[in-house]
$ cat final-v9.pdb   # PDB, C-alpha atoms
ATOM      1  CA  MET A   1       0.000   0.000   0.000  1.00  0.00           C
ATOM      2  CA  PRO A   2       1.667   3.264  -1.125  1.00  0.00           C
ATOM      3  CA  ARG A   3       2.428   5.782   1.597  1.00  0.00           C
ATOM      4  CA  ILE A   4       1.098   9.224   0.583  1.00  0.00           C
ATOM      5  CA  ILE A   5       1.664  12.268   2.772  1.00  0.00           C
ATOM      6  CA  VAL A   6       1.067  16.006   2.244  1.00  0.00           C
ATOM      7  CA  GLN A   7       2.436  18.048   5.134  1.00  0.00           C
ATOM      8  CA  HIS A   8       3.948  21.367   6.195  1.00  0.00           C
ATOM      9  CA  GLU A   9       6.698  19.757   8.245  1.00  0.00           C
ATOM     10  CA  ASP A  10       9.989  18.439   6.892  1.00  0.00           C
ATOM     11  CA  PHE A  11      10.370  14.692   6.365  1.00  0.00           C
ATOM     12  CA  ASP A  12      12.997  12.248   7.634  1.00  0.00           C
ATOM     13  CA  ALA A  13      14.334  10.648   4.452  1.00  0.00           C
ATOM     14  CA  GLY A  14      16.372   8.097   6.402  1.00  0.00           C
ATOM     15  CA  ALA A  15      13.352   6.905   8.331  1.00  0.00           C
ATOM     16  CA  GLU A  16      11.311   6.724   5.121  1.00  0.00           C
ATOM     17  CA  LEU A  17      13.987   4.629   3.376  1.00  0.00           C
ATOM     18  CA  ALA A  18      14.278   2.344   6.413  1.00  0.00           C
ATOM     19  CA  ARG A  19      10.523   1.830   6.352  1.00  0.00           C
ATOM     20  CA  LEU A  20      10.720   0.659   2.713  1.00  0.00           C
ATOM     21  CA  ASN A  21      13.459  -1.853   3.601  1.00  0.00           C
ATOM     22  CA  ALA A  22      11.007  -4.588   4.543  1.00  0.00           C
ATOM     23  CA  GLY A  23      10.425  -8.128   3.382  1.00  0.00           C
ATOM     24  CA  ASP A  24      12.439  -9.391   0.430  1.00  0.00           C
ATOM     25  CA  VAL A  25      13.440  -5.985  -0.947  1.00  0.00           C
ATOM     26  CA  GLY A  26      16.560  -5.943  -3.131  1.00  0.00           C
ATOM     27  CA  GLY A  27      16.791  -2.229  -3.783  1.00  0.00           C
ATOM     28  CA  ILE A  28      15.226   1.126  -2.962  1.00  0.00           C
ATOM     29  CA  GLY A  29      15.310   4.075  -5.350  1.00  0.00           C
ATOM     30  CA  SER A  30      14.636   7.585  -4.070  1.00  0.00           C
ATOM     31  CA  PHE A  31      14.577  11.243  -5.110  1.00  0.00           C
ATOM     32  CA  ILE A  32      14.472  14.362  -2.945  1.00  0.00           C
ATOM     33  CA  GLY A  33      13.476  17.720  -4.450  1.00  0.00           C
ATOM     34  CA  VAL A  34      15.054  20.762  -2.783  1.00  0.00           C
ATOM     35  CA  VAL A  35      14.198  24.477  -3.038  1.00  0.00           C
ATOM     36  CA  ARG A  36      16.698  26.099  -5.412  1.00  0.00           C
ATOM     37  CA  GLY A  37      17.592  29.675  -4.473  1.00  0.00           C
ATOM     38  CA  GLU A  38      19.854  30.630  -7.382  1.00  0.00           C
ATOM     39  CA  GLY A  39      20.829  33.669  -5.351  1.00  0.00           C
ATOM     40  CA  LYS A  40      17.579  35.446  -6.145  1.00  0.00           C
ATOM     41  CA  ILE A  41      14.773  33.549  -4.380  1.00  0.00           C
ATOM     42  CA  THR A  42      14.097  34.207  -0.700  1.00  0.00           C
ATOM     43  CA  ALA A  43      11.042  31.989  -0.211  1.00  0.00           C
ATOM     44  CA  LEU A  44       8.778  29.560  -2.018  1.00  0.00           C
ATOM     45  CA  HIS A  45       5.072  29.233  -1.230  1.00  0.00           C
ATOM     46  CA  LEU A  46       3.403  25.950  -2.125  1.00  0.00           C
ATOM     47  CA  GLU A  47      -0.360  25.982  -2.552  1.00  0.00           C
ATOM     48  CA  HIS A  48      -2.417  22.863  -3.243  1.00  0.00           C
ATOM     49  CA  TYR A  49      -5.973  21.593  -3.666  1.00  0.00           C
ATOM     50  CA  PRO A  50      -6.479  19.711  -0.398  1.00  0.00           C
ATOM     51  CA  ALA A  51      -9.558  17.733  -1.435  1.00  0.00           C
ATOM     52  CA  MET A  52      -7.777  16.435  -4.532  1.00  0.00           C
ATOM     53  CA  THR A  53      -4.063  16.251  -3.719  1.00  0.00           C
ATOM     54  CA  GLU A  54      -3.841  12.944  -1.871  1.00  0.00           C
ATOM     55  CA  ARG A  55      -6.132  11.261  -4.393  1.00  0.00           C
ATOM     56  CA  ALA A  56      -4.006  12.508  -7.303  1.00  0.00           C
ATOM     57  CA  LEU A  57      -0.796  11.341  -5.608  1.00  0.00           C
ATOM     58  CA  MET A  58      -2.340   7.928  -4.889  1.00  0.00           C
ATOM     59  CA  LYS A  59      -3.242   7.581  -8.578  1.00  0.00           C
ATOM     60  CA  ILE A  60       0.395   8.252  -9.516  1.00  0.00           C
ATOM     61  CA  ALA A  61       1.620   5.720  -6.925  1.00  0.00           C
ATOM     62  CA  ASP A  62      -0.935   3.121  -8.032  1.00  0.00           C
ATOM     63  CA  GLU A  63       0.188   3.582 -11.636  1.00  0.00           C
ATOM     64  CA  ALA A  64       3.821   2.948 -10.599  1.00  0.00           C
ATOM     65  CA  MET A  65       2.779  -0.160  -8.637  1.00  0.00           C
ATOM     66  CA  ALA A  66       0.917  -1.432 -11.729  1.00  0.00           C
ATOM     67  CA  ARG A  67       3.825  -0.783 -14.120  1.00  0.00           C
ATOM     68  CA  TRP A  68       6.688  -2.265 -12.091  1.00  0.00           C
ATOM     69  CA  PRO A  69       6.968  -5.143  -9.591  1.00  0.00           C
ATOM     70  CA  LEU A  70       7.278  -2.886  -6.552  1.00  0.00           C
ATOM     71  CA  HIS A  71       7.047  -3.978  -2.939  1.00  0.00           C
ATOM     72  CA  ASP A  72       5.924  -0.494  -1.987  1.00  0.00           C
ATOM     73  CA  CYS A  73       6.431   3.181  -2.756  1.00  0.00           C
ATOM     74  CA  THR A  74       6.240   6.511  -0.928  1.00  0.00           C
ATOM     75  CA  ILE A  75       5.362  10.076  -1.963  1.00  0.00           C
ATOM     76  CA  ILE A  76       5.720  12.946   0.520  1.00  0.00           C
ATOM     77  CA  HIS A  77       5.098  16.526  -0.628  1.00  0.00           C
ATOM     78  CA  ARG A  78       5.459  19.607   1.540  1.00  0.00           C
ATOM     79  CA  VAL A  79       3.147  22.648   1.346  1.00  0.00           C
ATOM     80  CA  GLY A  80       3.292  26.118   2.848  1.00  0.00           C
ATOM     81  CA  THR A  81       6.301  28.441   2.947  1.00  0.00           C
ATOM     82  CA  LEU A  82       9.758  26.982   2.243  1.00  0.00           C
ATOM     83  CA  HIS A  83      13.218  28.491   1.817  1.00  0.00           C
ATOM     84  CA  PRO A  84      16.273  27.737  -0.347  1.00  0.00           C
ATOM     85  CA  GLY A  85      17.820  24.468   0.775  1.00  0.00           C
ATOM     86  CA  ASP A  86      14.583  23.124   2.261  1.00  0.00           C
ATOM     87  CA  ASN A  87      13.267  19.735   1.161  1.00  0.00           C
ATOM     88  CA  ILE A  88      10.095  19.948  -0.977  1.00  0.00           C
ATOM     89  CA  VAL A  89       9.319  16.430  -2.093  1.00  0.00           C
ATOM     90  CA  PHE A  90      10.380  12.834  -1.417  1.00  0.00           C
ATOM     91  CA  VAL A  91       9.591   9.874  -3.640  1.00  0.00           C
ATOM     92  CA  ALA A  92      10.909   6.350  -3.246  1.00  0.00           C
ATOM     93  CA  ALA A  93      10.215   2.892  -4.640  1.00  0.00           C
ATOM     94  CA  ALA A  94      11.277  -0.494  -3.300  1.00  0.00           C
ATOM     95  CA  SER A  95      11.614  -3.585  -5.466  1.00  0.00           C
ATOM     96  CA  ALA A  96      13.513  -6.852  -5.717  1.00  0.00           C
ATOM     97  CA  HIS A  97      15.791  -5.356  -8.373  1.00  0.00           C
ATOM     98  CA  ARG A  98      17.324  -1.968  -9.119  1.00  0.00           C
ATOM     99  CA  ASP A  99      15.836  -1.502 -12.577  1.00  0.00           C
ATOM    100  CA  ALA A 100      12.237  -1.399 -11.345  1.00  0.00           C
ATOM    101  CA  ALA A 101      13.157   0.684  -8.282  1.00  0.00           C
ATOM    102  CA  LEU A 102      15.044   3.316 -10.285  1.00  0.00           C
ATOM    103  CA  ARG A 103      12.562   3.522 -13.158  1.00  0.00           C
ATOM    104  CA  ALA A 104       9.598   3.747 -10.811  1.00  0.00           C
ATOM    105  CA  THR A 105      11.327   6.506  -8.835  1.00  0.00           C
ATOM    106  CA  ALA A 106      11.846   8.555 -12.007  1.00  0.00           C
ATOM    107  CA  PHE A 107       8.244   7.924 -13.060  1.00  0.00           C
ATOM    108  CA  LEU A 108       6.887   9.043  -9.675  1.00  0.00           C
ATOM    109  CA  ILE A 109       8.640  12.421  -9.771  1.00  0.00           C
ATOM    110  CA  ASP A 110       8.063  12.978 -13.503  1.00  0.00           C
ATOM    111  CA  TRP A 111       4.326  12.360 -13.209  1.00  0.00           C
ATOM    112  CA  LEU A 112       4.019  14.264  -9.969  1.00  0.00           C
ATOM    113  CA  LYS A 113       5.370  17.346 -11.777  1.00  0.00           C
ATOM    114  CA  THR A 114       2.455  17.382 -14.210  1.00  0.00           C
ATOM    115  CA  SER A 115      -0.352  15.418 -12.513  1.00  0.00           C
ATOM    116  CA  ALA A 116      -0.677  16.635  -8.928  1.00  0.00           C
ATOM    117  CA  PRO A 117      -2.414  19.902  -7.962  1.00  0.00           C
ATOM    118  CA  PHE A 118       0.419  21.967  -6.487  1.00  0.00           C
ATOM    119  CA  TRP A 119       1.366  25.536  -7.402  1.00  0.00           C
ATOM    120  CA  LYS A 120       4.526  27.430  -6.462  1.00  0.00           C
ATOM    121  CA  ARG A 121       4.907  31.168  -5.920  1.00  0.00           C
ATOM    122  CA  GLU A 122       8.400  32.591  -5.523  1.00  0.00           C
ATOM    123  CA  ASP A 123       9.458  35.613  -3.473  1.00  0.00           C
ATOM    124  CA  PHE A 124      12.506  37.333  -4.918  1.00  0.00           C
ATOM    125  CA  VAL A 125      15.369  39.230  -3.290  1.00  0.00           C
ATOM    126  CA  SER A 126      14.064  42.334  -5.105  1.00  0.00           C
ATOM    127  CA  GLY A 127      10.868  42.180  -3.022  1.00  0.00           C
ATOM    128  CA  THR A 128       8.638  41.058  -5.878  1.00  0.00           C
ATOM    129  CA  SER A 129       6.757  37.769  -6.106  1.00  0.00           C
ATOM    130  CA  ALA A 130       5.551  35.623  -9.007  1.00  0.00           C
ATOM    131  CA  TRP A 131       3.807  32.333  -9.696  1.00  0.00           C
ATOM    132  CA  VAL A 132       6.085  29.728 -11.228  1.00  0.00           C
ATOM    133  CA  VAL A 133       5.203  29.010 -14.858  1.00  0.00           C
ATOM    134  CA  ALA A 134       4.859  25.342 -15.801  1.00  0.00           C
ATOM    135  CA  ARG A 135       7.699  24.085 -17.989  1.00  0.00           C
ATOM    136  CA  GLU A 136       6.804  22.504 -21.316  1.00  0.00           C
ATOM    137  CA  ALA A 137       9.839  20.266 -20.863  1.00  0.00           C
ATOM    138  CA  ASP A 138       8.172  18.735 -17.786  1.00  0.00           C
ATOM    139  CA  GLU A 139       5.071  17.949 -19.858  1.00  0.00           C
ATOM    140  CA  ALA A 140       7.236  16.265 -22.490  1.00  0.00           C
ATOM    141  CA  VAL A 141       9.078  14.163 -19.902  1.00  0.00           C
ATOM    142  CA  ALA A 142       5.806  13.043 -18.300  1.00  0.00           C
ATOM    143  CA  ALA A 143       4.261  12.319 -21.703  1.00  0.00           C
ATOM    144  CA  ALA A 144       7.199  10.086 -22.600  1.00  0.00           C
ATOM    145  CA  TRP A 145       6.045   7.633 -19.909  1.00  0.00           C
ATOM    146  CA  THR A 146       2.721   7.144 -21.740  1.00  0.00           C
ATOM    147  CA  LYS A 147       4.406   5.766 -24.871  1.00  0.00           C
TER     148      LYS A 147
ATOM    149  CA  MET B   1     -22.385  23.980  -7.713  1.00  0.00           C
ATOM    150  CA  LYS B   2     -19.206  24.763  -5.835  1.00  0.00           C
ATOM    151  CA  LEU B   3     -16.434  26.504  -7.784  1.00  0.00           C
ATOM    152  CA  LEU B   4     -12.837  26.669  -6.567  1.00  0.00           C
ATOM    153  CA  TYR B   5      -9.981  28.834  -7.836  1.00  0.00           C
ATOM    154  CA  PHE B   6      -6.280  28.359  -7.167  1.00  0.00           C
ATOM    155  CA  ALA B   7      -3.023  30.303  -7.576  1.00  0.00           C
ATOM    156  CA  TRP B   8      -3.267  33.350  -9.871  1.00  0.00           C
ATOM    157  CA  LEU B   9      -6.841  32.532 -10.911  1.00  0.00           C
ATOM    158  CA  ARG B  10      -7.835  32.930  -7.252  1.00  0.00           C
ATOM    159  CA  GLU B  11      -5.943  36.236  -7.083  1.00  0.00           C
ATOM    160  CA  LYS B  12      -7.524  37.637 -10.260  1.00  0.00           C
ATOM    161  CA  ILE B  13     -11.057  36.553  -9.336  1.00  0.00           C
ATOM    162  CA  GLY B  14     -10.653  37.605  -5.724  1.00  0.00           C
ATOM    163  CA  VAL B  15     -12.250  34.585  -4.024  1.00  0.00           C
ATOM    164  CA  SER B  16     -11.021  31.049  -3.410  1.00  0.00           C
ATOM    165  CA  GLU B  17     -14.445  29.449  -3.680  1.00  0.00           C
ATOM    166  CA  GLU B  18     -18.093  30.229  -4.277  1.00  0.00           C
ATOM    167  CA  ASP B  19     -21.436  28.505  -4.669  1.00  0.00           C
ATOM    168  CA  VAL B  20     -23.236  29.269  -7.916  1.00  0.00           C
ATOM    169  CA  THR B  21     -26.503  28.289  -9.571  1.00  0.00           C
ATOM    170  CA  LEU B  22     -25.794  27.719 -13.230  1.00  0.00           C
ATOM    171  CA  PRO B  23     -28.130  28.300 -16.194  1.00  0.00           C
ATOM    172  CA  ALA B  24     -29.392  24.947 -17.484  1.00  0.00           C
ATOM    173  CA  ASN B  25     -27.863  25.489 -20.930  1.00  0.00           C
ATOM    174  CA  LEU B  26     -24.275  25.082 -19.694  1.00  0.00           C
ATOM    175  CA  LEU B  27     -23.101  21.606 -20.675  1.00  0.00           C
ATOM    176  CA  SER B  28     -19.310  21.637 -20.792  1.00  0.00           C
ATOM    177  CA  VAL B  29     -16.397  23.205 -18.932  1.00  0.00           C
ATOM    178  CA  ALA B  30     -15.963  25.540 -21.916  1.00  0.00           C
ATOM    179  CA  ASP B  31     -19.598  26.660 -21.557  1.00  0.00           C
ATOM    180  CA  LEU B  32     -19.016  27.319 -17.866  1.00  0.00           C
ATOM    181  CA  VAL B  33     -15.871  29.349 -18.590  1.00  0.00           C
ATOM    182  CA  GLY B  34     -17.780  31.418 -21.131  1.00  0.00           C
ATOM    183  CA  TRP B  35     -20.483  32.127 -18.551  1.00  0.00           C
ATOM    184  CA  LEU B  36     -17.961  32.973 -15.825  1.00  0.00           C
ATOM    185  CA  LYS B  37     -16.168  35.468 -18.104  1.00  0.00           C
ATOM    186  CA  GLY B  38     -19.365  37.495 -18.198  1.00  0.00           C
ATOM    187  CA  ARG B  39     -19.443  37.865 -14.403  1.00  0.00           C
ATOM    188  CA  GLY B  40     -16.920  40.692 -14.151  1.00  0.00           C
ATOM    189  CA  PRO B  41     -13.464  41.982 -15.042  1.00  0.00           C
ATOM    190  CA  GLY B  42     -11.701  39.690 -12.555  1.00  0.00           C
ATOM    191  CA  TYR B  43     -13.209  36.615 -14.209  1.00  0.00           C
ATOM    192  CA  GLU B  44     -12.525  38.054 -17.660  1.00  0.00           C
ATOM    193  CA  ALA B  45      -8.844  38.506 -16.708  1.00  0.00           C
ATOM    194  CA  ALA B  46      -8.562  35.074 -15.099  1.00  0.00           C
ATOM    195  CA  PHE B  47      -9.943  33.252 -18.127  1.00  0.00           C
ATOM    196  CA  ALA B  48      -8.511  35.553 -20.824  1.00  0.00           C
ATOM    197  CA  GLN B  49      -5.945  32.964 -21.907  1.00  0.00           C
ATOM    198  CA  ALA B  50      -7.802  29.656 -22.046  1.00  0.00           C
ATOM    199  CA  ASN B  51      -4.579  27.766 -22.806  1.00  0.00           C
ATOM    200  CA  LEU B  52      -3.251  28.707 -19.358  1.00  0.00           C
ATOM    201  CA  VAL B  53      -6.252  27.366 -17.448  1.00  0.00           C
ATOM    202  CA  ARG B  54      -6.706  23.786 -16.271  1.00  0.00           C
ATOM    203  CA  CYS B  55      -9.677  22.288 -14.423  1.00  0.00           C
ATOM    204  CA  ALA B  56     -10.803  19.444 -12.209  1.00  0.00           C
ATOM    205  CA  ILE B  57     -14.339  18.089 -12.044  1.00  0.00           C
ATOM    206  CA  ASP B  58     -15.129  16.519  -8.660  1.00  0.00           C
ATOM    207  CA  GLN B  59     -11.368  16.311  -7.968  1.00  0.00           C
ATOM    208  CA  GLU B  60     -10.490  14.617 -11.283  1.00  0.00           C
ATOM    209  CA  PHE B  61      -8.607  16.487 -14.027  1.00  0.00           C
ATOM    210  CA  GLY B  62     -10.971  17.553 -16.815  1.00  0.00           C
ATOM    211  CA  ARG B  63     -10.779  19.272 -20.202  1.00  0.00           C
ATOM    212  CA  ALA B  64     -12.614  22.129 -21.912  1.00  0.00           C
ATOM    213  CA  GLU B  65     -14.974  19.688 -23.613  1.00  0.00           C
ATOM    214  CA  SER B  66     -15.671  17.662 -20.425  1.00  0.00           C
ATOM    215  CA  SER B  67     -19.304  17.480 -19.345  1.00  0.00           C
ATOM    216  CA  ILE B  68     -20.249  19.288 -16.145  1.00  0.00           C
ATOM    217  CA  ALA B  69     -23.561  17.452 -15.792  1.00  0.00           C
ATOM    218  CA  GLY B  70     -24.048  16.281 -12.215  1.00  0.00           C
ATOM    219  CA  ALA B  71     -20.763  17.778 -11.021  1.00  0.00           C
ATOM    220  CA  LYS B  72     -20.694  19.015  -7.421  1.00  0.00           C
ATOM    221  CA  GLU B  73     -17.335  20.788  -7.453  1.00  0.00           C
ATOM    222  CA  ILE B  74     -15.328  22.304 -10.291  1.00  0.00           C
ATOM    223  CA  ALA B  75     -11.885  23.778  -9.733  1.00  0.00           C
ATOM    224  CA  PHE B  76      -9.933  26.103 -12.049  1.00  0.00           C
ATOM    225  CA  PHE B  77      -6.173  26.594 -11.802  1.00  0.00           C
ATOM    226  CA  PRO B  78      -2.992  27.187 -13.832  1.00  0.00           C
ATOM    227  CA  PRO B  79      -0.871  24.278 -15.094  1.00  0.00           C
ATOM    228  CA  VAL B  80       0.525  22.559 -12.005  1.00  0.00           C
ATOM    229  CA  THR B  81       4.063  23.305 -10.776  1.00  0.00           C
ATOM    230  CA  GLY B  82       4.696  20.905  -7.892  1.00  0.00           C
ATOM    231  CA  GLY B  83       7.635  18.620  -7.297  1.00  0.00           C
TER     232      GLY B  83
END
$ encode --input "final-v9.pdb" --output "C-alpha cells"
Amino acid sequence: MPRIIVQHEDFDAGAELARLNAGDVGGIGSFIGVVRGEGKITALHLEHYPAMTERALMKIADEAMARWPLHDCTIIHRVGTLHPGDNIVFVAAASAHRDAALRATAFLIDWLKTSAPFWKREDFVSGTSAWVVAREADEAVAAAWTK
Amino acid sequence: MKLLYFAWLREKIGVSEEDVTLPANLLSVADLVGWLKGRGPGYEAAFAQANLVRCAIDQEFGRAESSIAGAKEIAFFPPVTGG
C-alpha cells in the first residue's frame, strides 16, 4: 500500500527509506526535491488543492505499482512556505531489483510534476513575487512515460 | 455547484471558492468558462488565456470539452508546478 503524505513539516528521508526496507526488498530508489535559491529567491510558497491532492498522488503511486513489480512506494510533498535548501518532495520505490526501483522513482517524480495539484509562488530578493510558470519540458518528460 | 480557484486565478477573481446556480444550458467546462467570463473583469482577466487554465471536475482532471452534468465541485487553476 503506497504511503502518501502532504504536510507542512519536513520529512525524515532516512526513516522513510528504512521503512521501505522490509520483506524481500533488493533495492530502494529515491529522489528528494530541494528548493533552489539561485541567489535570487528568498522563499517559495506551495499551494495545493487539499480535497484532490492525496487522491491525485495515490493515482500516480498506483500507476507505478501497476507498471513495475514494486514492494511499496512513498510520496511525501510539503506545502506552505519553504526556503532555499529546504526539502520539498520525497519519492521512493522499493523492489527486488534496481531496474524497477530506479525507473519507478523517475516515473513518480516525472508524473508528480504534471499530474498533482500543487502551485509554487516565488518571493525574490528584489521584493517582488511571481507564480512559477509550468515548464513545457516537464510535460514532455511526463508524456514520454505514456508511450 | 461549488467553484474553486487556485493560484493566480484565485488572485484575479478575488475569491477562493463560491457557490453558484448555473443556467441549465451550460453543458461543458468551456460553456461554464464562457459564462464565468461574463461575471466581471476579474473573471474576464482570469480566463482571458484559455490555454493557461486547467480544471478538475469533482477532484479529477478535466478538459474544456468535459461534461459538467451532475458535477458538485469544479476547480480552475494554472498548469501545475509541484515537485
$ closest_atom_pairs --input "final-v9.pdb" --of "chain A" --to "chain B" --cutoff "9 Å" --atoms "only C-alpha atoms" --output "Markdown table"
| residue | atom | partner | partner_atom | distance |
| --- | --- | --- | --- | --- |
| A:Gly33 | CA | B:Gly83 | CA | 6.6 |
| A:Val34 | CA | B:Gly83 | CA | 8.9 |
| A:Leu46 | CA | B:Gly82 | CA | 7.8 |
| A:Glu47 | CA | B:Ala7 | CA | 7.1 |
| A:His48 | CA | B:Phe6 | CA | 7.8 |
| A:Tyr49 | CA | B:Phe6 | CA | 7.6 |
| A:Ala51 | CA | B:Gln59 | CA | 6.9 |
| A:Met52 | CA | B:Gln59 | CA | 5.0 |
| A:Thr53 | CA | B:Gln59 | CA | 8.5 |
| A:Arg55 | CA | B:Gln59 | CA | 8.1 |
| A:Ala56 | CA | B:Glu60 | CA | 7.9 |
| A:His77 | CA | B:Gly83 | CA | 7.4 |
| A:Ile88 | CA | B:Gly83 | CA | 6.9 |
| A:Val89 | CA | B:Gly83 | CA | 5.9 |
| A:Phe90 | CA | B:Gly83 | CA | 8.7 |
| A:Ile109 | CA | B:Gly83 | CA | 6.7 |
| A:Asp110 | CA | B:Gly83 | CA | 8.4 |
| A:Leu112 | CA | B:Gly83 | CA | 6.3 |
| A:Lys113 | CA | B:Gly83 | CA | 5.2 |
| A:Thr114 | CA | B:Val80 | CA | 5.9 |
| A:Ser115 | CA | B:Val80 | CA | 7.2 |
| A:Ala116 | CA | B:Val80 | CA | 6.8 |
| A:Pro117 | CA | B:Val80 | CA | 5.7 |
| A:Phe118 | CA | B:Gly82 | CA | 4.6 |
| A:Trp119 | CA | B:Thr81 | CA | 4.9 |
| A:Lys120 | CA | B:Thr81 | CA | 6.0 |
| A:Arg121 | CA | B:Ala7 | CA | 8.1 |
| A:Trp131 | CA | B:Trp8 | CA | 7.1 |
| A:Val132 | CA | B:Thr81 | CA | 6.7 |
| A:Val133 | CA | B:Thr81 | CA | 7.1 |
| A:Ala134 | CA | B:Thr81 | CA | 5.5 |
| A:Arg135 | CA | B:Thr81 | CA | 8.1 |
$ resolve_selection --input "final-v9.pdb" --expression "the PyMOL selection byres ((chain A and resi 25) around 8)" --output "list of chain:residue names"
A:Asn21, A:Ala22, A:Gly23, A:Asp24, A:Gly26, A:Gly27, A:Ile28, A:His71, A:Ala94, A:Ser95, A:Ala96, A:His97
$ atom_distance --input "final-v9.pdb" --atom1 "CA of Ala130 (chain A)" --atom2 "CA of Val79 (chain A)"
16.8 Å
$ atom_distance --input "final-v9.pdb" --atom1 "CA of Arg103 (chain A)" --atom2 "CA of Thr74 (chain A)"
14.1 Å
$ atom_distance --input "final-v9.pdb" --atom1 "CA of Val91 (chain A)" --atom2 "CA of Arg54 (chain B)"
24.9 Å
$ resolve_selection --input "final-v9.pdb" --expression "the PyMOL selection byres ((chain A and resi 11) around 10)" --output "list in words"
Ile5, Gln7, His8, Glu9, Asp10, Asp12, Ala13, Gly14, Ala15, Glu16, Ile76, His77, Arg78, Asn87, Ile88, Val89 and Phe90 of chain A
$ residues_around --input "final-v9.pdb" --residues "Asp31 (chain B)" --least-positions-apart "6" --cutoff "9 Å" --atoms "all atoms listed in the file" --output "PyMOL selection string"
chain B and resi 25+64-65
$ write_last_selection --input "final-v9.pdb" --atoms "C-alpha atoms" --output "mmCIF file, in the frame of the given file"
data_model
loop_
_atom_site.group_PDB
_atom_site.id
_atom_site.type_symbol
_atom_site.label_atom_id
_atom_site.label_comp_id
_atom_site.auth_asym_id
_atom_site.auth_seq_id
_atom_site.Cartn_x
_atom_site.Cartn_y
_atom_site.Cartn_z
ATOM 1 C CA ASN B 25 -27.863 25.489 -20.930
ATOM 2 C CA ALA B 64 -12.614 22.129 -21.912
ATOM 3 C CA GLU B 65 -14.974 19.688 -23.613
#
$ resolve_selection --input "final-v9.pdb" --expression "the PyMOL selection byres ((chain B and resi 12-22) around 6)" --output "PyMOL selection string"
chain B and resi 1-5+9-11+23+42-43+46
$ residues_around --input "final-v9.pdb" --residues "Ile68 (chain B)" --least-positions-apart "5" --cutoff "7 Å" --atoms "all atoms listed in the file" --output "list of chain:residue names"
B:Leu27, B:Ser28, B:Val29
$ closest_residue --input "final-v9.pdb" --among "B:Ile57, B:Gly40, B:Val33, B:Ala45" --to "Ala71 (chain B)" --atoms "only C-alpha atoms"
B:Ile57
$ residues_around --input "final-v9.pdb" --residues "Glu38 (chain A)" --least-positions-apart "3" --cutoff "12 Å" --atoms "all atoms listed in the file" --output "PDB file with C-alpha atoms, in the coordinates of the input"
ATOM      1  CA  VAL A  34      15.054  20.762  -2.783  1.00  0.00           C
ATOM      2  CA  VAL A  35      14.198  24.477  -3.038  1.00  0.00           C
ATOM      3  CA  ILE A  41      14.773  33.549  -4.380  1.00  0.00           C
ATOM      4  CA  THR A  42      14.097  34.207  -0.700  1.00  0.00           C
ATOM      5  CA  ALA A  43      11.042  31.989  -0.211  1.00  0.00           C
ATOM      6  CA  HIS A  83      13.218  28.491   1.817  1.00  0.00           C
ATOM      7  CA  PRO A  84      16.273  27.737  -0.347  1.00  0.00           C
ATOM      8  CA  GLY A  85      17.820  24.468   0.775  1.00  0.00           C
ATOM      9  CA  GLU A 122       8.400  32.591  -5.523  1.00  0.00           C
ATOM     10  CA  PHE A 124      12.506  37.333  -4.918  1.00  0.00           C
ATOM     11  CA  VAL A 125      15.369  39.230  -3.290  1.00  0.00           C
TER      12      VAL A 125
END
$ axis_aligned_box --input "final-v9.pdb" --around "region 70-75 of chain B" --padding-each-side "5 Å" --output "AutoDock Vina command-line options"
--center_x -18.0 --center_y 20.0 --center_z -9.8 --size_x 22.2 --size_y 17.5 --size_z 14.8
$ closest_residue --input "final-v9.pdb" --among "A:Leu82, A:Ala66, A:Ile75, A:Leu108" --to "Glu54 (chain A)" --atoms "only C-alpha atoms"
A:Ile75
